[in-house]
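*Asks:* After the structure tokens below, expect a handful of questions from me.
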Amino acid sequence: MSFSSENADRSWVAQRLPSKDDQAGLLVLPGLLTYGIFMLYPIMYLIFLSFTNAGGAEDLIRGTYDFIALDNYGRLVQDSQFWTSMGVTWLFVFISVVLKIIFSVALALVFTHDRVRGKRYMRALAIIPLGLPPVFTITVWRQMFSPARFGIANEVWINIGNALGQNPEPIGWFFSRWMAFASYVVTELWLAYAFMLIIIVSALQDVSSELHDAAKVDGAGYLHRFVHVTLPAIKRPVWFASILTGATSFQQFLVPFIFNNGGPSRYNEFILLYGYREAFQSPPAMGIGAGIMVIALIFIGMFMWINVRKGRLAEGLSDQ
């Protein structure tokens, strides 16, 4: 009798304990709540603001704004500065990503070559930019591109010119649109190459030495082995790193803001800097600023989705 009673008690407890699926749901719940509070809600509120004529912070606090549907987006489509910002942003993304790939692959080949000594220490030095605050790094680079005669960039420029028999003048880096743009690209290259370098070095270490040995037996030179053996083996990691750093470049704000506020004459005003100006500078227009950010969010999402599909990065993952 006691035995059957004990079994009944166990059965009663088992019926009231959460199932394995319920337990898994409870474990995921804190993450979902955190995501909803810090990610989903701000995005939804941003989309809502883009359909209003909200001005400054007082309008948001007091609720003194009206729903105007797609008027903000219509204004943006007719605004030449919007298209200028979008164009220069995508140009920056393309050029910076290409240069980061070339520079990082070249460094990674050096850091993994058998004949290079001290590779471990070189790798440690190469990832130093990852440990420095971006504001500090960008401020230092701004001083390096100083238009003064003895700025580091101008010193390099003048010394190279003198070595070639020329007599170059100092460059006003921030007063010329494309010189300022070039300084942005160089700074972005320094900020992001270390991330790509880590991924590419890891990928190169996984390339089978047997494939290289077989190519050498067939008489393939170094360049031929790099194109037909190394590149196919590291293609997907490089593509993955390029997608992430490309999305980061699209969201670049600090470099133009600290260098020369997107100048000269707003020609180098990236899309996030443009949205910031519209939302917070006089006269503030948070509705339009929110619309700019929503468009930027859509472009970033499309960029990553297209590249993930094109690079087949999701192959091999379970659909369950």
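Letters A, B, ... go to the chains of the structure tokens in the order shown; residues in each chain start at 1; ligands are counted from 1 in the same order.
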Do you know which residues are at most 6 Å from range 139-156 of chain A counting only C-alpha atoms, after dropping those on the same chain fewer than 2 positions away, and could you put them as a PDB file with C-alpha atoms, in the first residue's frame?

*Replies:*
ATOM      1  CA  PHE A 136      41.482  57.900 -28.759  1.00  0.00           C
ATOM      2  CA  THR A 137      42.693  56.212 -31.964  1.00  0.00           C
ATOM      3  CA  ILE A 158      56.917  65.986 -48.692  1.00  0.00           C
ATOM      4  CA  ASN A 159      59.757  63.525 -48.127  1.00  0.00           C
ATOM      5  CA  PRO A 170      51.730  70.513 -47.652  1.00  0.00           C
ATOM      6  CA  ILE A 171      48.243  69.096 -48.210  1.00  0.00           C
ATOM      7  CA  GLY A 172      45.220  70.597 -46.487  1.00  0.00           C
ATOM      8  CA  TRP A 173      43.742  67.182 -45.781  1.00  0.00           C
ATOM      9  CA  PHE A 259      37.980  64.706 -38.242  1.00  0.00           C
TER      10      PHE A 259
END

*Asks:* Expressed in Å to a single decimal, how great is the separation between CA of Gly63 in chain A and CA of Leu49 in chain A?

*Replies:*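 Computing it gives 11.2 Å between the two atoms.
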
*Asks:* Can you pull out the residues contacting range 125-133 of chain A? Cut-off 10 Å, using only C-alpha atoms, and skip same-chain residues under 5 positions away; I want them as a ChimeraX atom specification.

*Replies:* /A:107,111,119-120,138,190-198

*Asks:* Go ahead and write the residues just picked, all heavy atoms, as a short mmCIF file (atom, residue, chain, number, x, y, z; two decimals), in the first residue's frame.

*Replies:*
data_model
loop_
_atom_site.label_atom_id
_atom_site.label_comp_id
_atom_site.auth_asym_id
_atom_site.auth_seq_id
_atom_site.Cartn_x
_atom_site.Cartn_y
_atom_site.Cartn_z
N LEU A 107 49.19 40.71 -44.75
CA LEU A 107 49.80 40.55 -43.42
C LEU A 107 49.66 39.12 -42.92
O LEU A 107 50.60 38.56 -42.33
CB LEU A 107 49.15 41.50 -42.43
CG LEU A 107 49.67 42.93 -42.36
CD1 LEU A 107 48.96 43.69 -41.25
CD2 LEU A 107 51.17 42.97 -42.13
N PHE A 111 52.48 36.52 -41.58
CA PHE A 111 52.46 36.01 -40.21
C PHE A 111 52.32 34.49 -40.14
O PHE A 111 52.44 33.91 -39.05
CB PHE A 111 51.32 36.65 -39.42
CG PHE A 111 51.51 38.12 -39.17
CD1 PHE A 111 50.45 38.89 -38.73
CD2 PHE A 111 52.74 38.72 -39.36
CE1 PHE A 111 50.62 40.26 -38.49
CE2 PHE A 111 52.91 40.08 -39.13
CZ PHE A 111 51.86 40.83 -38.69
N LYS A 119 56.90 35.27 -35.46
CA LYS A 119 55.52 35.50 -35.91
C LYS A 119 54.57 35.70 -34.73
O LYS A 119 53.62 36.48 -34.83
CB LYS A 119 55.05 34.30 -36.74
CG LYS A 119 55.77 34.16 -38.07
CD LYS A 119 55.30 32.95 -38.82
CE LYS A 119 55.81 31.68 -38.17
NZ LYS A 119 55.56 30.48 -38.99
N ARG A 120 54.82 35.03 -33.64
CA ARG A 120 53.93 35.14 -32.47
C ARG A 120 53.93 36.57 -31.93
O ARG A 120 52.88 37.13 -31.61
CB ARG A 120 54.38 34.17 -31.39
CG ARG A 120 53.48 34.13 -30.17
CD ARG A 120 53.95 33.08 -29.20
NE ARG A 120 53.98 31.75 -29.83
CZ ARG A 120 54.46 30.67 -29.21
NH1 ARG A 120 54.93 30.76 -27.97
NH2 ARG A 120 54.44 29.50 -29.83
N ILE A 138 41.09 57.56 -33.19
CA ILE A 138 40.67 58.49 -34.24
C ILE A 138 41.25 59.88 -33.98
O ILE A 138 41.66 60.58 -34.92
CB ILE A 138 39.14 58.53 -34.33
CG1 ILE A 138 38.60 57.17 -34.77
CG2 ILE A 138 38.68 59.61 -35.30
CD1 ILE A 138 37.10 57.03 -34.64
N TRP A 190 43.02 51.18 -40.39
CA TRP A 190 43.74 50.91 -39.14
C TRP A 190 42.81 50.38 -38.06
O TRP A 190 43.17 49.48 -37.29
CB TRP A 190 44.43 52.18 -38.67
CG TRP A 190 45.05 52.06 -37.31
CD1 TRP A 190 44.50 52.46 -36.11
CD2 TRP A 190 46.32 51.49 -36.98
NE1 TRP A 190 45.36 52.18 -35.08
CE2 TRP A 190 46.48 51.58 -35.57
CE3 TRP A 190 47.34 50.92 -37.74
CZ2 TRP A 190 47.61 51.13 -34.92
CZ3 TRP A 190 48.48 50.47 -37.08
CH2 TRP A 190 48.59 50.57 -35.69
N LEU A 191 41.61 50.91 -37.99
CA LEU A 191 40.67 50.51 -36.94
C LEU A 191 40.20 49.07 -37.11
O LEU A 191 39.95 48.38 -36.12
CB LEU A 191 39.45 51.44 -36.94
CG LEU A 191 39.66 52.87 -36.46
CD1 LEU A 191 38.42 53.71 -36.75
CD2 LEU A 191 39.99 52.89 -34.97
N ALA A 192 40.05 48.60 -38.35
CA ALA A 192 39.35 47.33 -38.59
C ALA A 192 40.23 46.21 -39.11
O ALA A 192 39.78 45.06 -39.12
CB ALA A 192 38.20 47.56 -39.57
N TYR A 193 41.47 46.48 -39.52
CA TYR A 193 42.25 45.41 -40.14
C TYR A 193 42.56 44.29 -39.15
O TYR A 193 42.67 43.12 -39.54
CB TYR A 193 43.54 45.97 -40.75
CG TYR A 193 44.69 46.06 -39.77
CD1 TYR A 193 45.56 44.98 -39.59
CD2 TYR A 193 44.90 47.20 -39.00
CE1 TYR A 193 46.61 45.05 -38.68
CE2 TYR A 193 45.94 47.27 -38.11
CZ TYR A 193 46.80 46.20 -37.94
OH TYR A 193 47.82 46.27 -37.05
N ALA A 194 42.74 44.63 -37.87
CA ALA A 194 43.12 43.61 -36.88
C ALA A 194 42.06 42.53 -36.75
O ALA A 194 42.37 41.34 -36.59
CB ALA A 194 43.39 44.27 -35.54
N PHE A 195 40.79 42.92 -36.82
CA PHE A 195 39.70 41.95 -36.75
C PHE A 195 39.77 40.97 -37.91
O PHE A 195 39.68 39.74 -37.72
CB PHE A 195 38.36 42.68 -36.74
CG PHE A 195 37.17 41.80 -36.99
CD1 PHE A 195 36.71 40.93 -36.02
CD2 PHE A 195 36.51 41.82 -38.22
CE1 PHE A 195 35.62 40.11 -36.25
CE2 PHE A 195 35.43 41.00 -38.46
CZ PHE A 195 34.98 40.15 -37.48
N MET A 196 39.96 41.49 -39.11
CA MET A 196 40.06 40.62 -40.28
C MET A 196 41.33 39.78 -40.23
O MET A 196 41.33 38.62 -40.66
CB MET A 196 40.03 41.45 -41.56
CG MET A 196 38.74 42.22 -41.79
SD MET A 196 38.60 42.85 -43.46
CE MET A 196 38.44 41.34 -44.40
N LEU A 197 42.38 40.36 -39.71
CA LEU A 197 43.65 39.63 -39.63
C LEU A 197 43.52 38.38 -38.77
O LEU A 197 44.02 37.31 -39.13
CB LEU A 197 44.73 40.55 -39.06
CG LEU A 197 46.13 39.95 -38.90
CD1 LEU A 197 46.71 39.59 -40.25
CD2 LEU A 197 47.04 40.94 -38.17
N ILE A 198 42.84 38.48 -37.64
CA ILE A 198 42.67 37.34 -36.75
C ILE A 198 41.93 36.20 -37.48
O ILE A 198 42.32 35.03 -37.41
CB ILE A 198 41.92 37.76 -35.49
CG1 ILE A 198 42.77 38.70 -34.64
CG2 ILE A 198 41.51 36.54 -34.66
CD1 ILE A 198 42.04 39.30 -33.46
#

*Asks:* Excluding same-chain residues fewer than 4 positions from Phe226 in chain A, what lies within 12 Å of it counting only C-alpha atoms, as JSON, numbers by chain?

*Replies:* {"A": [105, 106, 109, 204, 207, 211, 212, 215, 216, 220, 221, 222, 230, 231, 232, 233, 234, 235]}

*Asks:* Of the candidates A:Ile199, A:Ala279, A:Met286, A:Ala180, which shows the shortest atom-to-atom distance to Ser265 in chain A, using only C-alpha atoms?

*Replies:* A:Ala180

*Asks:* Show me, as number ranges by chain, the residues that have an atom within 12 Å of Gly246 in chain A when counting only C-alpha atoms, minus same-chain residues fewer than 5 positions from it.

*Replies:* A: 89-101, 188-189, 192-193, 195-196, 238-241, 251-252, 299-301, 303-304, 307

*Asks:* Hey, can you spit out that residue selection with C-alpha atoms as an mmCIF file, in the first residue's frame?

*Replies:*
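Wrote it out as out_1.cif, contents follow:
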data_model
loop_
_atom_site.group_PDB
_atom_site.id
_atom_site.type_symbol
_atom_site.label_atom_id
_atom_site.label_comp_id
_atom_site.auth_asym_id
_atom_site.auth_seq_id
_atom_site.Cartn_x
_atom_site.Cartn_y
_atom_site.Cartn_z
ATOM 1 C CA THR A 89 28.752 56.129 -47.481
ATOM 2 C CA TRP A 90 28.566 53.239 -49.958
ATOM 3 C CA LEU A 91 31.715 54.456 -51.713
ATOM 4 C CA PHE A 92 33.477 54.466 -48.365
ATOM 5 C CA VAL A 93 32.230 50.944 -47.591
ATOM 6 C CA PHE A 94 33.409 49.562 -50.934
ATOM 7 C CA ILE A 95 36.873 51.141 -50.924
ATOM 8 C CA SER A 96 37.590 50.471 -47.256
ATOM 9 C CA VAL A 97 36.498 46.815 -47.427
ATOM 10 C CA VAL A 98 38.620 46.137 -50.527
ATOM 11 C CA LEU A 99 41.683 47.734 -48.929
ATOM 12 C CA LYS A 100 41.105 45.885 -45.657
ATOM 13 C CA ILE A 101 40.924 42.560 -47.484
ATOM 14 C CA GLU A 188 39.124 52.989 -40.976
ATOM 15 C CA LEU A 189 41.742 50.584 -42.352
ATOM 16 C CA ALA A 192 39.353 47.334 -38.586
ATOM 17 C CA TYR A 193 42.248 45.410 -40.141
ATOM 18 C CA PHE A 195 39.696 41.945 -36.747
ATOM 19 C CA MET A 196 40.056 40.619 -40.285
ATOM 20 C CA VAL A 238 37.309 36.202 -45.701
ATOM 21 C CA TRP A 239 33.793 36.741 -47.024
ATOM 22 C CA PHE A 240 32.354 36.429 -43.514
ATOM 23 C CA ALA A 241 34.845 38.960 -42.111
ATOM 24 C CA GLN A 251 27.697 52.657 -39.595
ATOM 25 C CA GLN A 252 30.870 54.738 -39.282
ATOM 26 C CA PHE A 299 20.136 48.972 -46.104
ATOM 27 C CA ILE A 300 22.339 47.252 -43.514
ATOM 28 C CA GLY A 301 19.880 44.358 -43.251
ATOM 29 C CA PHE A 303 23.462 44.183 -47.349
ATOM 30 C CA MET A 304 24.033 41.400 -44.841
ATOM 31 C CA ASN A 307 25.958 38.733 -48.894
#

*Asks:* For Ile271 in chain A, please output as a VMD selection string all residues within 8 Å (counting only C-alpha atoms; exclusion window: fewer than 6 positions along the same chain).

*Replies:* chain A and resid 82 85 to 86 89 251 292 296

*Asks:* Residues as selected, all heavy atoms, written as a short mmCIF file (atom, residue, chain, number, x, y, z; two decimals), in the first residue's frame, can you do that?

*Replies:*
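Okay, this is what ended up in again00.cif:
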data_model
loop_
_atom_site.label_atom_id
_atom_site.label_comp_id
_atom_site.auth_asym_id
_atom_site.auth_seq_id
_atom_site.Cartn_x
_atom_site.Cartn_y
_atom_site.Cartn_z
N PHE A 82 20.60 63.88 -48.74
CA PHE A 82 20.37 62.47 -48.42
C PHE A 82 21.08 61.58 -49.43
O PHE A 82 21.77 60.62 -49.06
CB PHE A 82 18.88 62.16 -48.40
CG PHE A 82 18.56 60.70 -48.33
CD1 PHE A 82 18.68 60.01 -47.13
CD2 PHE A 82 18.14 60.01 -49.46
CE1 PHE A 82 18.40 58.65 -47.06
CE2 PHE A 82 17.85 58.65 -49.39
CZ PHE A 82 17.98 57.98 -48.20
N SER A 85 24.89 61.80 -49.02
CA SER A 85 25.33 61.02 -47.87
C SER A 85 25.28 59.53 -48.16
O SER A 85 26.22 58.79 -47.82
CB SER A 85 24.46 61.34 -46.64
OG SER A 85 24.60 62.69 -46.27
N MET A 86 24.23 59.08 -48.79
CA MET A 86 24.11 57.67 -49.10
C MET A 86 25.19 57.23 -50.09
O MET A 86 25.83 56.18 -49.93
CB MET A 86 22.72 57.38 -49.68
CG MET A 86 22.44 55.89 -49.90
SD MET A 86 22.44 54.92 -48.37
CE MET A 86 20.92 55.49 -47.62
N THR A 89 28.67 57.22 -48.45
CA THR A 89 28.75 56.13 -47.48
C THR A 89 29.05 54.81 -48.16
O THR A 89 29.93 54.05 -47.74
CB THR A 89 27.45 56.02 -46.67
OG1 THR A 89 27.21 57.25 -45.99
CG2 THR A 89 27.54 54.90 -45.64
N GLN A 251 28.16 51.96 -40.80
CA GLN A 251 27.70 52.66 -39.59
C GLN A 251 28.76 53.60 -39.02
O GLN A 251 28.61 54.09 -37.90
CB GLN A 251 27.31 51.64 -38.52
CG GLN A 251 26.22 50.68 -38.95
CD GLN A 251 26.01 49.58 -37.94
OE1 GLN A 251 25.48 49.79 -36.85
NE2 GLN A 251 26.43 48.37 -38.27
N ILE A 292 15.80 58.62 -41.38
CA ILE A 292 17.13 58.34 -41.93
C ILE A 292 17.70 57.07 -41.32
O ILE A 292 18.27 56.22 -42.02
CB ILE A 292 18.07 59.53 -41.68
CG1 ILE A 292 17.56 60.77 -42.43
CG2 ILE A 292 19.50 59.21 -42.11
CD1 ILE A 292 18.28 62.05 -42.07
N ALA A 296 18.73 53.52 -43.05
CA ALA A 296 20.05 52.94 -42.85
C ALA A 296 19.94 51.51 -42.34
O ALA A 296 20.68 50.62 -42.77
CB ALA A 296 20.86 53.79 -41.88
#

*Asks:* If you run DSSP on this backbone, which residues of range 42-246 of chain A come out as helix (DSSP H, G or I), and could you give them as a VMD selection string?

*Replies:* chain A and resid 42 to 49 57 to 62 71 to 77 80 to 111 119 to 126 128 to 131 134 to 144 152 to 163 177 to 205 209 to 217 222 to 246

*Asks:* Hey, which of A:Ser50, A:Asn268, A:Leu60, A:Pro134 ends up closest to Arg75 in chain A? Count only C-alpha atoms.

*Replies:*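 Selected residue with least distance to Arg75 in chain A: A:Ser50.
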